[in-house]
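> So that you have it, the file is work28.txt, and it contains compact mmCIF, C-alpha atoms and all ligand atoms:
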```txt
# COMPACT_ATOMS: atom_id res chain seq x y z
CA MET A 1 -21.78 27.61 1.43
CA ARG A 2 -18.23 27.01 0.26
CA GLU A 3 -17.57 24.98 3.42
CA THR A 4 -20.62 22.78 2.79
CA ALA A 5 -19.60 22.14 -0.81
CA ARG A 6 -16.09 21.25 0.40
CA ALA A 7 -17.51 18.85 3.00
CA VAL A 8 -19.52 17.09 0.26
CA ASP A 9 -16.41 16.85 -1.97
CA THR A 10 -14.41 15.53 0.95
CA ALA A 11 -17.08 12.93 1.77
CA GLN A 12 -16.83 11.77 -1.86
CA LEU A 13 -13.05 11.52 -1.57
CA LEU A 14 -13.44 9.55 1.64
CA ARG A 15 -15.79 7.11 -0.09
CA GLN A 16 -12.84 6.28 -2.37
CA VAL A 17 -10.82 5.18 0.67
CA SER A 18 -11.43 1.49 0.13
CA ILE A 19 -12.13 0.60 3.75
CA PHE A 20 -14.67 3.44 4.04
CA ALA A 21 -16.56 2.61 0.84
CA ASP A 22 -19.45 0.98 2.70
CA LEU A 23 -19.85 3.56 5.46
CA SER A 24 -23.14 5.48 5.53
CA PRO A 25 -23.35 9.07 4.22
CA GLU A 26 -23.87 10.25 7.81
CA VAL A 27 -20.64 8.60 9.02
CA LEU A 28 -18.67 9.90 6.02
CA GLY A 29 -20.14 13.37 6.52
CA ASP A 30 -18.96 13.40 10.13
CA LEU A 31 -15.48 12.25 9.11
CA ALA A 32 -15.33 14.82 6.29
CA LYS A 33 -15.88 17.66 8.78
CA ARG A 34 -12.85 16.57 10.77
CA VAL A 35 -10.17 16.08 8.09
CA SER A 36 -7.84 18.60 6.52
CA HIS A 37 -6.33 18.54 3.04
CA LYS A 38 -2.57 18.17 2.64
CA SER A 39 -0.21 17.58 -0.23
CA ALA A 40 3.14 15.82 -0.30
CA GLU A 41 5.69 16.22 -3.09
CA ALA A 42 7.36 13.15 -4.56
CA GLY A 43 10.33 12.24 -2.37
CA SER A 44 9.12 14.05 0.75
CA VAL A 45 8.93 12.31 4.10
CA ILE A 46 5.38 12.40 5.49
CA VAL A 47 5.96 10.37 8.65
CA SER A 48 9.33 9.65 10.30
CA GLN A 49 10.06 6.52 12.25
CA GLU A 50 10.55 7.04 16.01
CA GLU A 51 8.87 10.45 16.01
CA PRO A 52 5.69 10.98 18.00
CA GLY A 53 2.63 10.86 15.79
CA ASP A 54 -0.72 12.52 16.20
CA SER A 55 -2.34 12.24 12.77
CA LEU A 56 -3.74 9.58 10.52
CA PHE A 57 -3.56 10.11 6.76
CA MET A 58 -5.75 8.92 3.92
CA ILE A 59 -4.45 9.03 0.36
CA SER A 60 -6.81 10.65 -2.12
CA SER A 61 -4.31 10.54 -4.99
CA GLY A 62 -0.70 9.49 -5.50
CA LYS A 63 1.50 6.77 -4.07
CA VAL A 64 3.57 6.38 -0.89
CA LYS A 65 5.91 3.74 0.48
CA VAL A 66 6.18 2.52 4.07
CA VAL A 67 9.89 1.95 4.69
CA LEU A 68 12.50 1.04 7.27
CA TYR A 69 16.14 2.00 6.77
CA GLY A 70 18.98 -0.34 7.74
CA GLU A 71 22.19 1.01 9.27
CA THR A 72 23.87 1.20 5.89
CA GLY A 73 20.88 3.10 4.50
CA ARG A 74 19.46 0.01 2.83
CA GLU A 75 15.73 0.38 2.32
CA ILE A 76 13.23 -2.26 3.35
CA ILE A 77 9.80 -1.56 1.92
CA LEU A 78 7.01 -2.83 4.16
CA SER A 79 4.25 -1.73 1.84
CA ILE A 80 3.35 0.49 -1.09
CA LEU A 81 0.11 2.37 -0.51
CA LEU A 82 -2.07 3.94 -3.20
CA ALA A 83 -5.12 6.18 -3.45
CA GLY A 84 -7.77 4.70 -1.19
CA ASP A 85 -5.30 3.50 1.49
CA PHE A 86 -4.57 5.02 4.90
CA PHE A 87 -1.55 5.13 7.23
CA GLY A 88 -0.49 6.59 10.57
CA GLU A 89 -3.21 4.87 12.59
CA MET A 90 -0.78 2.88 14.77
CA SER A 91 0.65 5.82 16.73
CA LEU A 92 -2.84 7.21 17.19
CA LEU A 93 -4.02 3.93 18.66
CA ASP A 94 -1.09 2.92 20.89
CA ARG A 95 0.54 6.34 21.50
CA GLN A 96 3.94 4.87 20.62
CA PRO A 97 6.35 6.61 18.21
CA ARG A 98 5.83 6.05 14.49
CA SER A 99 6.63 2.44 13.60
CA ALA A 100 8.08 3.25 10.15
CA ASN A 101 8.82 6.05 7.69
CA VAL A 102 6.24 6.96 5.09
CA VAL A 103 7.66 8.66 1.98
CA ALA A 104 5.75 10.02 -1.02
CA VAL A 105 6.77 8.16 -4.19
CA GLU A 106 4.64 10.44 -6.37
CA ASP A 107 3.10 13.85 -5.72
CA SER A 108 0.23 12.89 -3.42
CA GLN A 109 -2.92 14.46 -2.05
CA LEU A 110 -3.77 13.43 1.50
CA LEU A 111 -6.57 13.88 4.00
CA SER A 112 -5.33 14.06 7.57
CA LEU A 113 -7.22 13.47 10.78
CA ASP A 114 -5.79 14.41 14.18
CA ARG A 115 -6.01 12.31 17.35
CA GLU A 116 -8.91 14.24 18.83
CA GLY A 117 -10.92 14.11 15.61
CA PHE A 118 -10.19 10.40 15.28
CA GLN A 119 -11.27 9.61 18.83
CA THR A 120 -14.39 11.74 18.77
CA HIS A 121 -15.40 10.21 15.45
CA LEU A 122 -14.75 6.62 16.60
CA ASN A 123 -16.71 7.14 19.83
CA ALA A 124 -19.73 8.29 17.86
CA HIS A 125 -19.31 5.85 14.92
CA PRO A 126 -17.89 2.45 15.91
CA THR A 127 -18.44 1.15 12.34
CA THR A 128 -15.38 3.17 11.29
CA ALA A 129 -13.34 1.45 14.04
CA LEU A 130 -14.43 -1.94 12.68
CA ALA A 131 -13.36 -0.92 9.17
CA VAL A 132 -9.93 0.19 10.45
CA LEU A 133 -9.56 -3.07 12.42
CA ALA A 134 -10.42 -5.15 9.35
CA GLU A 135 -7.71 -3.39 7.36
CA MET A 136 -5.17 -3.81 10.20
CA SER A 137 -6.01 -7.50 10.28
CA ARG A 138 -5.45 -7.73 6.50
CA ARG A 139 -2.04 -6.06 6.95
CA LEU A 140 -1.08 -8.49 9.71
CA ARG A 141 -2.02 -11.43 7.47
CA HIS A 142 0.12 -9.94 4.74
CA ALA A 143 3.04 -9.42 7.16
CA ASP A 144 2.69 -13.09 8.28
CA GLU A 145 2.85 -14.16 4.66
CA VAL A 146 5.95 -12.04 4.02
CA ILE A 147 7.70 -13.54 7.07
CA GLY A 148 6.81 -17.02 5.83
CA ASN A 149 8.07 -16.21 2.33
CA LEU A 150 11.36 -14.81 3.65
CA ALA A 151 11.96 -17.96 5.66
CA LEU A 152 10.68 -20.54 3.19
CA LEU A 153 11.30 -19.27 -0.36
CA ASP A 154 14.52 -18.53 -2.22
CA VAL A 155 14.93 -15.17 -3.96
CA TYR A 156 13.47 -16.35 -7.29
CA GLY A 157 10.48 -17.75 -5.40
CA ARG A 158 9.97 -14.40 -3.65
CA VAL A 159 10.14 -12.45 -6.92
CA ALA A 160 7.69 -14.91 -8.49
CA ARG A 161 5.33 -14.63 -5.49
CA ILE A 162 5.27 -10.84 -5.63
CA ILE A 163 4.55 -10.87 -9.37
CA ARG A 164 1.73 -13.36 -8.84
CA ASP A 165 0.22 -11.25 -6.02
CA LEU A 166 0.42 -8.09 -8.15
CA ALA A 167 -1.17 -9.88 -11.10
CA HIS A 168 -4.07 -11.05 -8.94
CA LYS A 169 -4.45 -7.66 -7.27
CA GLN A 170 -4.19 -5.27 -10.18
CA GLY A 171 -3.87 -7.41 -13.31
CA GLU A 172 -6.23 -6.95 -16.22
CA GLN A 173 -7.37 -10.08 -18.02
CA VAL A 174 -6.03 -10.04 -21.61
CA ASP A 175 -5.15 -12.65 -24.23
CA GLY A 176 -2.46 -14.86 -22.77
CA GLY A 177 -2.60 -13.84 -19.11
CA LEU A 178 -2.96 -10.97 -16.67
CA LEU A 179 -1.53 -7.58 -17.62
CA ILE A 180 -0.02 -5.41 -14.86
CA ARG A 181 -0.08 -1.92 -16.35
CA GLU A 182 2.09 -0.18 -13.80
CA ARG A 183 4.49 -2.46 -12.04
CA PRO A 184 6.67 -1.29 -9.14
CA THR A 185 10.27 -0.49 -10.12
CA GLN A 186 12.88 -3.23 -9.74
CA GLN A 187 14.32 -1.25 -6.82
CA GLU A 188 10.89 -1.24 -5.14
CA ILE A 189 10.44 -4.98 -5.68
CA ALA A 190 13.93 -5.51 -4.22
CA GLY A 191 13.01 -3.45 -1.16
CA LEU A 192 9.79 -5.43 -0.71
CA ILE A 193 11.51 -8.83 -0.66
CA GLY A 194 14.83 -8.01 0.97
CA THR A 195 17.21 -8.42 -1.95
CA SER A 196 19.16 -6.29 -4.43
CA ARG A 197 17.87 -4.64 -7.61
CA GLU A 198 20.35 -6.69 -9.64
CA THR A 199 18.91 -9.96 -8.33
CA VAL A 200 15.35 -8.85 -9.14
CA SER A 201 16.48 -7.87 -12.63
CA ARG A 202 18.14 -11.27 -13.12
CA ALA A 203 15.05 -13.16 -11.94
CA LEU A 204 12.66 -11.12 -14.13
CA ASN A 205 14.89 -11.54 -17.18
CA ASP A 206 15.07 -15.25 -16.51
CA PHE A 207 11.25 -15.54 -16.24
CA ASN A 208 11.04 -13.47 -19.43
CA ARG A 209 13.44 -15.77 -21.27
CA ARG A 210 11.48 -18.82 -20.18
CA GLY A 211 8.30 -17.30 -21.61
CA LEU A 212 6.60 -17.07 -18.20
CA LEU A 213 6.08 -13.35 -18.49
CA GLU A 214 6.62 -10.53 -20.95
CA MET A 215 8.02 -7.19 -19.86
CA GLN A 216 7.57 -3.98 -21.77
CA GLY A 217 8.42 -0.69 -20.06
CA LYS A 218 6.27 -0.44 -16.96
CA GLN A 219 4.00 -3.28 -18.08
CA ILE A 220 4.27 -6.96 -17.37
CA LEU A 221 2.11 -9.60 -19.00
CA VAL A 222 2.02 -12.50 -16.57
CA ARG A 223 1.25 -15.59 -18.61
CA TRP A 224 -1.37 -18.14 -17.54
CA GLY A 225 1.37 -20.80 -17.45
CA PHE A 226 3.27 -18.77 -14.83
CA LEU A 227 0.14 -18.31 -12.72
CA ARG A 228 -0.75 -22.02 -12.96
CA LYS A 229 2.80 -23.01 -11.91
CA MET A 230 2.62 -20.63 -8.93
CA ASP A 231 -0.83 -21.86 -7.91
CA ASP A 232 0.32 -25.49 -8.13
CA ALA A 233 3.35 -24.70 -5.97
CA ALA A 234 1.25 -22.86 -3.33
P1 LIG A 301 2.38 4.65 12.41
O1 LIG A 301 3.21 3.73 13.21
O2 LIG A 301 1.60 5.69 13.15
O3 LIG A 301 3.31 5.37 11.33
C1 LIG A 301 3.89 4.57 10.30
C2 LIG A 301 2.74 3.89 9.57
O4 LIG A 301 3.12 2.98 8.57
C3 LIG A 301 1.96 3.00 10.56
O5 LIG A 301 1.34 3.81 11.52
C4 LIG A 301 1.07 2.25 9.60
O6 LIG A 301 0.00 3.04 9.16
C5 LIG A 301 2.04 2.05 8.43
N1 LIG A 301 2.63 0.69 8.50
C6 LIG A 301 3.52 0.20 9.39
N2 LIG A 301 3.81 -1.08 9.12
C7 LIG A 301 3.09 -1.41 8.03
C8 LIG A 301 2.97 -2.60 7.25
N3 LIG A 301 3.64 -3.72 7.54
N4 LIG A 301 2.09 -2.58 6.19
C9 LIG A 301 1.42 -1.45 5.87
N5 LIG A 301 1.51 -0.30 6.57
C10 LIG A 301 2.33 -0.28 7.63
```
Produce structure tokens that represent the structure in this file.


Amino acid sequence: MRETARAVDTAQLLRQVSIFADLSPEVLGDLAKRVSHKSAEAGSVIVSQEEPGDSLFMISSGKVKVVLYGETGREIILSILLAGDFFGEMSLLDRQPRSANVVAVEDSQLLSLDREGFQTHLNAHPTTALAVLAEMSRRLRHADEVIGNLALLDVYGRVARIIRDLAHKQGEQVDGGLLIRERPTQQEIAGLIGTSRETVSRALNDFNRRGLLEMQGKQILVRWGFLRKMDDAA
């Protein structure tokens, strides 16, 4: 009885994984039977680059970052993943070592699925495979865009682009523009665009001074004028 209740709860959690939102109750039920619950404390390493990997993880709450470390320890952030995202699928699919490190930024609750569970589920339910492929395709598009931005934009342009993307992705429409309630830290933005925290701080302060955005604690109000300028430049 307890197991059944847990499977129902887990299926509900899985429905929050954005790519699985449209899967049928039967498919989610099958997936729910195969996952186990894990937690990761803020700062802990969930996946280490170059290690063999045999699990995929879905985030039910919290926040993680996908990072590479340079020789001097400099951090390059490939992506920040939130509740509803998944990671660890690449090693399951190509049997190569983990392509990057995944570190919990906040205390996080995860659902993990091992290789056998993943394969058995995908064989029986190809719609899940299509959902995973669609997300991988979205990530490749994003990586293409980042490569283009690194080559074509200066640092201020890259900071501006990331603020615009965040505003469109998670901004709330308010008087004057789009409000990002919880922006990444300046260090995280620096890691995402390959520059230093000081440069990000300088660019944000400059945009602030020019009235293009308004920063207050973790919030940024991105003004319509800023968004229009960015859209015109795109
Ligand atoms: P895997 O290689 O098994 O382990 C590291 C994980 O990080 C990888 O699977 C992906 O899930 C995730 N990952 C790697 N590169 C990116 C990226 N550019 N964007 C988002 N996630 C990524």

> Can you list every residue of chain A that has an atom at most 10 Å from ligand LIG 301 (chain A), with its nearest atom pair and the distance in Å to one decimal, using only C-alpha atoms and all ligand atoms, ordered by chain then number, as a Markdown table?


```
| residue | atom | partner | partner_atom | distance |
| --- | --- | --- | --- | --- |
| A:Ile46 | CA | A:LIG301 | C1 | 9.3 |
| A:Val47 | CA | A:LIG301 | O3 | 6.3 |
| A:Ser48 | CA | A:LIG301 | C1 | 7.4 |
| A:Gln49 | CA | A:LIG301 | C1 | 6.8 |
| A:Glu50 | CA | A:LIG301 | O1 | 8.5 |
| A:Glu51 | CA | A:LIG301 | O3 | 8.9 |
| A:Pro52 | CA | A:LIG301 | O2 | 8.3 |
| A:Gly53 | CA | A:LIG301 | O2 | 5.9 |
| A:Asp54 | CA | A:LIG301 | O2 | 7.8 |
| A:Ser55 | CA | A:LIG301 | O2 | 7.7 |
| A:Leu56 | CA | A:LIG301 | O2 | 7.1 |
| A:Phe57 | CA | A:LIG301 | O6 | 8.3 |
| A:Met58 | CA | A:LIG301 | O6 | 9.8 |
| A:Lys65 | CA | A:LIG301 | N5 | 8.5 |
| A:Val66 | CA | A:LIG301 | O4 | 5.5 |
| A:Val67 | CA | A:LIG301 | O4 | 7.9 |
| A:Leu68 | CA | A:LIG301 | N2 | 9.1 |
| A:Ile77 | CA | A:LIG301 | N3 | 8.6 |
| A:Leu78 | CA | A:LIG301 | N3 | 4.9 |
| A:Ser79 | CA | A:LIG301 | N4 | 4.9 |
| A:Ile80 | CA | A:LIG301 | C9 | 7.5 |
| A:Leu81 | CA | A:LIG301 | C9 | 7.6 |
| A:Asp85 | CA | A:LIG301 | N5 | 9.3 |
| A:Phe86 | CA | A:LIG301 | O6 | 6.6 |
| A:Phe87 | CA | A:LIG301 | O6 | 3.2 |
| A:Gly88 | CA | A:LIG301 | O2 | 3.4 |
| A:Glu89 | CA | A:LIG301 | O5 | 4.8 |
| A:Met90 | CA | A:LIG301 | O5 | 4.0 |
| A:Ser91 | CA | A:LIG301 | O2 | 3.7 |
| A:Leu92 | CA | A:LIG301 | O2 | 6.2 |
| A:Leu93 | CA | A:LIG301 | O2 | 8.1 |
| A:Asp94 | CA | A:LIG301 | O2 | 8.6 |
| A:Arg95 | CA | A:LIG301 | O2 | 8.4 |
| A:Gln96 | CA | A:LIG301 | O1 | 7.5 |
| A:Pro97 | CA | A:LIG301 | O1 | 6.6 |
| A:Arg98 | CA | A:LIG301 | O1 | 3.7 |
| A:Ser99 | CA | A:LIG301 | O1 | 3.7 |
| A:Ala100 | CA | A:LIG301 | C1 | 4.4 |
| A:Asn101 | CA | A:LIG301 | C1 | 5.8 |
| A:Val102 | CA | A:LIG301 | O4 | 6.1 |
| A:Val103 | CA | A:LIG301 | O4 | 9.8 |
| A:Glu135 | CA | A:LIG301 | C9 | 9.5 |
| A:Met136 | CA | A:LIG301 | C9 | 8.2 |
| A:Arg138 | CA | A:LIG301 | N4 | 9.1 |
| A:Arg139 | CA | A:LIG301 | N4 | 5.5 |
| A:Leu140 | CA | A:LIG301 | N3 | 7.1 |
| A:Arg141 | CA | A:LIG301 | N3 | 9.6 |
| A:His142 | CA | A:LIG301 | N3 | 7.7 |
| A:Ala143 | CA | A:LIG301 | N3 | 5.7 |
| A:Asp144 | CA | A:LIG301 | N3 | 9.4 |
| A:Val146 | CA | A:LIG301 | N3 | 9.3 |
```

> Go ahead and compute the interatomic distance for atom CA of A:Val222 and atom CA of A:Gln170, in Å to one decimal.

11.5 Å

> Can you work out which one of A:Ala160, A:Arg202, A:Gly171, A:Leu110 has the shortest atom-to-atom distance to A:Phe226, counting all atoms listed in the file?

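Closest to A:Phe226, using all atoms listed in the file: A:Ala160.
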
> Stretch 226-234 of chain A, all listed atoms, 3 Å padding on each side: what axis-aligned box centre and edge lengths in Å to one decimal come out, as lines of an AutoDock Vina configuration file?


```
center_x = 1.3
center_y = -21.9
center_z = -9.1
size_x = 10.2
size_y = 13.2
size_z = 17.5
```

> Using only C-alpha atoms, which residues sit within 10 Å of A:Ala40 once same-chain residues fewer than 3 positions away are excluded, as a list in words?

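Close residues of A:Ala40: Gly43, Ser44, Val45, Ile46, Gly62, Lys63, Val64, Val103, Ala104, Val105, Glu106, Asp107, Ser108, Gln109 and Leu110 of chain A.
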
> In Å to one decimal, how far is atom CA of A:Tyr156 from atom CA of A:Ala203?

5.9 Å

> Can you tell me how far atom CA of A:Ile19 sits from atom CA of A:Leu192, in Å to one decimal?

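Computing it gives 23.2 Å between the two atoms.
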
> Out of A:Gly194, A:Gly73, A:Pro25, A:Gly225, which residue has the shortest atom-to-atom distance to A:Leu153 when counting all atoms listed in the file?

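Selected residue with least distance to A:Leu153: A:Gly194.
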
> Taking into account all atoms listed in the file, which residue in the set A:Gly191, A:Gly177, A:Gly70, A:Gly84 is nearest to A:Ser18?

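Looking at the shortest contact to A:Ser18, the residue is A:Gly84.
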
> Do you know which residues are at most 8 Å from stretch 118-123 of chain A counting all atoms listed in the file, after dropping those on the same chain fewer than 6 positions away, and could you put them as a ChimeraX atom specification?

/A:30-31,129

> Which is closest to A:Val17 among A:Thr127, A:Ser39, A:Ser60, A:Thr72, if we use all atoms listed in the file?

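Smallest separation from A:Val17 among the options: A:Ser60.
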
> Using only C-alpha atoms, which residue out of A:Leu213, A:Asp22, A:Leu221, A:Lys33 lies closest to A:Asp175?

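Of A:Leu213, A:Asp22, A:Leu221, A:Lys33, the one nearest A:Asp175 is A:Leu221, counting only C-alpha atoms.
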
> May I ask which of the residues A:Glu26, A:Phe20, A:Ala11, A:Arg210 is the closest one to A:Leu133, counting only C-alpha atoms?

A:Phe20

> Take stretch 49-83 of chain A from the block and save it with N, CA and C atoms, as a PDB file, in the first residue's frame.


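Dumped everything to result34.pdb:
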```pdb
ATOM      1  N   GLN A  49      33.201  14.539 -13.916  1.00  0.00           N
ATOM      2  CA  GLN A  49      33.682  14.398 -15.290  1.00  0.00           C
ATOM      3  C   GLN A  49      34.715  13.279 -15.361  1.00  0.00           C
ATOM      4  N   GLU A  50      34.672  12.530 -16.460  1.00  0.00           N
ATOM      5  CA  GLU A  50      35.622  11.442 -16.756  1.00  0.00           C
ATOM      6  C   GLU A  50      35.312  10.155 -16.010  1.00  0.00           C
ATOM      7  N   GLU A  51      34.375  10.185 -15.056  1.00  0.00           N
ATOM      8  CA  GLU A  51      34.050   8.919 -14.385  1.00  0.00           C
ATOM      9  C   GLU A  51      32.996   8.170 -15.184  1.00  0.00           C
ATOM     10  N   PRO A  52      32.996   6.828 -15.075  1.00  0.00           N
ATOM     11  CA  PRO A  52      31.929   6.106 -15.776  1.00  0.00           C
ATOM     12  C   PRO A  52      30.583   6.475 -15.165  1.00  0.00           C
ATOM     13  N   GLY A  53      29.540   6.443 -15.965  1.00  0.00           N
ATOM     14  CA  GLY A  53      28.239   6.849 -15.425  1.00  0.00           C
ATOM     15  C   GLY A  53      27.171   5.825 -15.761  1.00  0.00           C
ATOM     16  N   ASP A  54      26.377   5.472 -14.776  1.00  0.00           N
ATOM     17  CA  ASP A  54      25.323   4.509 -15.093  1.00  0.00           C
ATOM     18  C   ASP A  54      23.956   4.934 -14.559  1.00  0.00           C
ATOM     19  N   SER A  55      23.797   6.244 -14.297  1.00  0.00           N
ATOM     20  CA  SER A  55      22.469   6.713 -13.877  1.00  0.00           C
ATOM     21  C   SER A  55      22.130   8.034 -14.528  1.00  0.00           C
ATOM     22  N   LEU A  56      20.845   8.208 -14.736  1.00  0.00           N
ATOM     23  CA  LEU A  56      20.313   9.492 -15.176  1.00  0.00           C
ATOM     24  C   LEU A  56      19.591  10.088 -13.975  1.00  0.00           C
ATOM     25  N   PHE A  57      19.611  11.401 -13.841  1.00  0.00           N
ATOM     26  CA  PHE A  57      18.968  12.053 -12.699  1.00  0.00           C
ATOM     27  C   PHE A  57      17.932  13.067 -13.168  1.00  0.00           C
ATOM     28  N   MET A  58      16.833  13.124 -12.435  1.00  0.00           N
ATOM     29  CA  MET A  58      15.838  14.165 -12.683  1.00  0.00           C
ATOM     30  C   MET A  58      15.753  14.996 -11.400  1.00  0.00           C
ATOM     31  N   ILE A  59      15.609  16.306 -11.563  1.00  0.00           N
ATOM     32  CA  ILE A  59      15.611  17.181 -10.382  1.00  0.00           C
ATOM     33  C   ILE A  59      14.171  17.429  -9.955  1.00  0.00           C
ATOM     34  N   SER A  60      13.813  17.003  -8.738  1.00  0.00           N
ATOM     35  CA  SER A  60      12.446  17.328  -8.309  1.00  0.00           C
ATOM     36  C   SER A  60      12.413  18.623  -7.513  1.00  0.00           C
ATOM     37  N   SER A  61      13.506  18.982  -6.841  1.00  0.00           N
ATOM     38  CA  SER A  61      13.591  20.331  -6.275  1.00  0.00           C
ATOM     39  C   SER A  61      15.055  20.710  -6.144  1.00  0.00           C
ATOM     40  N   GLY A  62      15.327  22.017  -6.150  1.00  0.00           N
ATOM     41  CA  GLY A  62      16.706  22.482  -5.992  1.00  0.00           C
ATOM     42  C   GLY A  62      17.292  23.021  -7.280  1.00  0.00           C
ATOM     43  N   LYS A  63      18.619  23.069  -7.304  1.00  0.00           N
ATOM     44  CA  LYS A  63      19.318  23.705  -8.439  1.00  0.00           C
ATOM     45  C   LYS A  63      20.709  23.087  -8.534  1.00  0.00           C
ATOM     46  N   VAL A  64      21.137  22.752  -9.755  1.00  0.00           N
ATOM     47  CA  VAL A  64      22.494  22.213  -9.952  1.00  0.00           C
ATOM     48  C   VAL A  64      23.174  22.984 -11.078  1.00  0.00           C
ATOM     49  N   LYS A  65      24.505  22.882 -11.128  1.00  0.00           N
ATOM     50  CA  LYS A  65      25.208  23.483 -12.273  1.00  0.00           C
ATOM     51  C   LYS A  65      26.022  22.402 -12.965  1.00  0.00           C
ATOM     52  N   VAL A  66      26.085  22.516 -14.298  1.00  0.00           N
ATOM     53  CA  VAL A  66      26.888  21.599 -15.111  1.00  0.00           C
ATOM     54  C   VAL A  66      28.171  22.367 -15.413  1.00  0.00           C
ATOM     55  N   VAL A  67      29.317  21.862 -14.913  1.00  0.00           N
ATOM     56  CA  VAL A  67      30.545  22.657 -15.010  1.00  0.00           C
ATOM     57  C   VAL A  67      31.743  21.871 -15.518  1.00  0.00           C
ATOM     58  N   LEU A  68      32.650  22.616 -16.153  1.00  0.00           N
ATOM     59  CA  LEU A  68      33.974  22.094 -16.504  1.00  0.00           C
ATOM     60  C   LEU A  68      34.965  22.925 -15.696  1.00  0.00           C
ATOM     61  N   TYR A  69      36.080  22.308 -15.306  1.00  0.00           N
ATOM     62  CA  TYR A  69      37.105  23.069 -14.587  1.00  0.00           C
ATOM     63  C   TYR A  69      38.356  23.180 -15.452  1.00  0.00           C
ATOM     64  N   GLY A  70      38.866  24.410 -15.584  1.00  0.00           N
ATOM     65  CA  GLY A  70      40.110  24.617 -16.326  1.00  0.00           C
ATOM     66  C   GLY A  70      41.276  24.183 -15.453  1.00  0.00           C
ATOM     67  N   GLU A  71      42.485  24.196 -16.036  1.00  0.00           N
ATOM     68  CA  GLU A  71      43.664  23.715 -15.287  1.00  0.00           C
ATOM     69  C   GLU A  71      43.928  24.527 -14.038  1.00  0.00           C
ATOM     70  N   THR A  72      43.602  25.830 -14.101  1.00  0.00           N
ATOM     71  CA  THR A  72      43.850  26.669 -12.930  1.00  0.00           C
ATOM     72  C   THR A  72      42.662  26.616 -11.960  1.00  0.00           C
ATOM     73  N   GLY A  73      41.703  25.745 -12.245  1.00  0.00           N
ATOM     74  CA  GLY A  73      40.545  25.638 -11.363  1.00  0.00           C
ATOM     75  C   GLY A  73      39.424  26.565 -11.781  1.00  0.00           C
ATOM     76  N   ARG A  74      39.651  27.329 -12.867  1.00  0.00           N
ATOM     77  CA  ARG A  74      38.594  28.236 -13.319  1.00  0.00           C
ATOM     78  C   ARG A  74      37.374  27.434 -13.754  1.00  0.00           C
ATOM     79  N   GLU A  75      36.202  27.968 -13.401  1.00  0.00           N
ATOM     80  CA  GLU A  75      34.973  27.208 -13.640  1.00  0.00           C
ATOM     81  C   GLU A  75      34.256  27.721 -14.889  1.00  0.00           C
ATOM     82  N   ILE A  76      33.911  26.801 -15.758  1.00  0.00           N
ATOM     83  CA  ILE A  76      33.108  27.183 -16.926  1.00  0.00           C
ATOM     84  C   ILE A  76      31.754  26.513 -16.744  1.00  0.00           C
ATOM     85  N   ILE A  77      30.713  27.324 -16.651  1.00  0.00           N
ATOM     86  CA  ILE A  77      29.386  26.747 -16.414  1.00  0.00           C
ATOM     87  C   ILE A  77      28.710  26.494 -17.759  1.00  0.00           C
ATOM     88  N   LEU A  78      28.403  25.236 -18.035  1.00  0.00           N
ATOM     89  CA  LEU A  78      27.730  24.918 -19.306  1.00  0.00           C
ATOM     90  C   LEU A  78      26.236  25.171 -19.190  1.00  0.00           C
ATOM     91  N   SER A  79      25.703  24.934 -17.998  1.00  0.00           N
ATOM     92  CA  SER A  79      24.263  25.132 -17.834  1.00  0.00           C
ATOM     93  C   SER A  79      23.904  25.130 -16.354  1.00  0.00           C
ATOM     94  N   ILE A  80      22.803  25.796 -16.044  1.00  0.00           N
ATOM     95  CA  ILE A  80      22.252  25.730 -14.686  1.00  0.00           C
ATOM     96  C   ILE A  80      20.910  25.033 -14.826  1.00  0.00           C
ATOM     97  N   LEU A  81      20.728  23.961 -14.080  1.00  0.00           N
ATOM     98  CA  LEU A  81      19.501  23.170 -14.237  1.00  0.00           C
ATOM     99  C   LEU A  81      18.657  23.283 -12.968  1.00  0.00           C
ATOM    100  N   LEU A  82      17.348  23.342 -13.166  1.00  0.00           N
ATOM    101  CA  LEU A  82      16.414  23.558 -12.054  1.00  0.00           C
ATOM    102  C   LEU A  82      15.441  22.397 -11.953  1.00  0.00           C
ATOM    103  N   ALA A  83      14.540  22.492 -10.976  1.00  0.00           N
ATOM    104  CA  ALA A  83      13.498  21.465 -10.829  1.00  0.00           C
ATOM    105  C   ALA A  83      12.811  21.283 -12.172  1.00  0.00           C
TER     106      ALA A  83
END
```
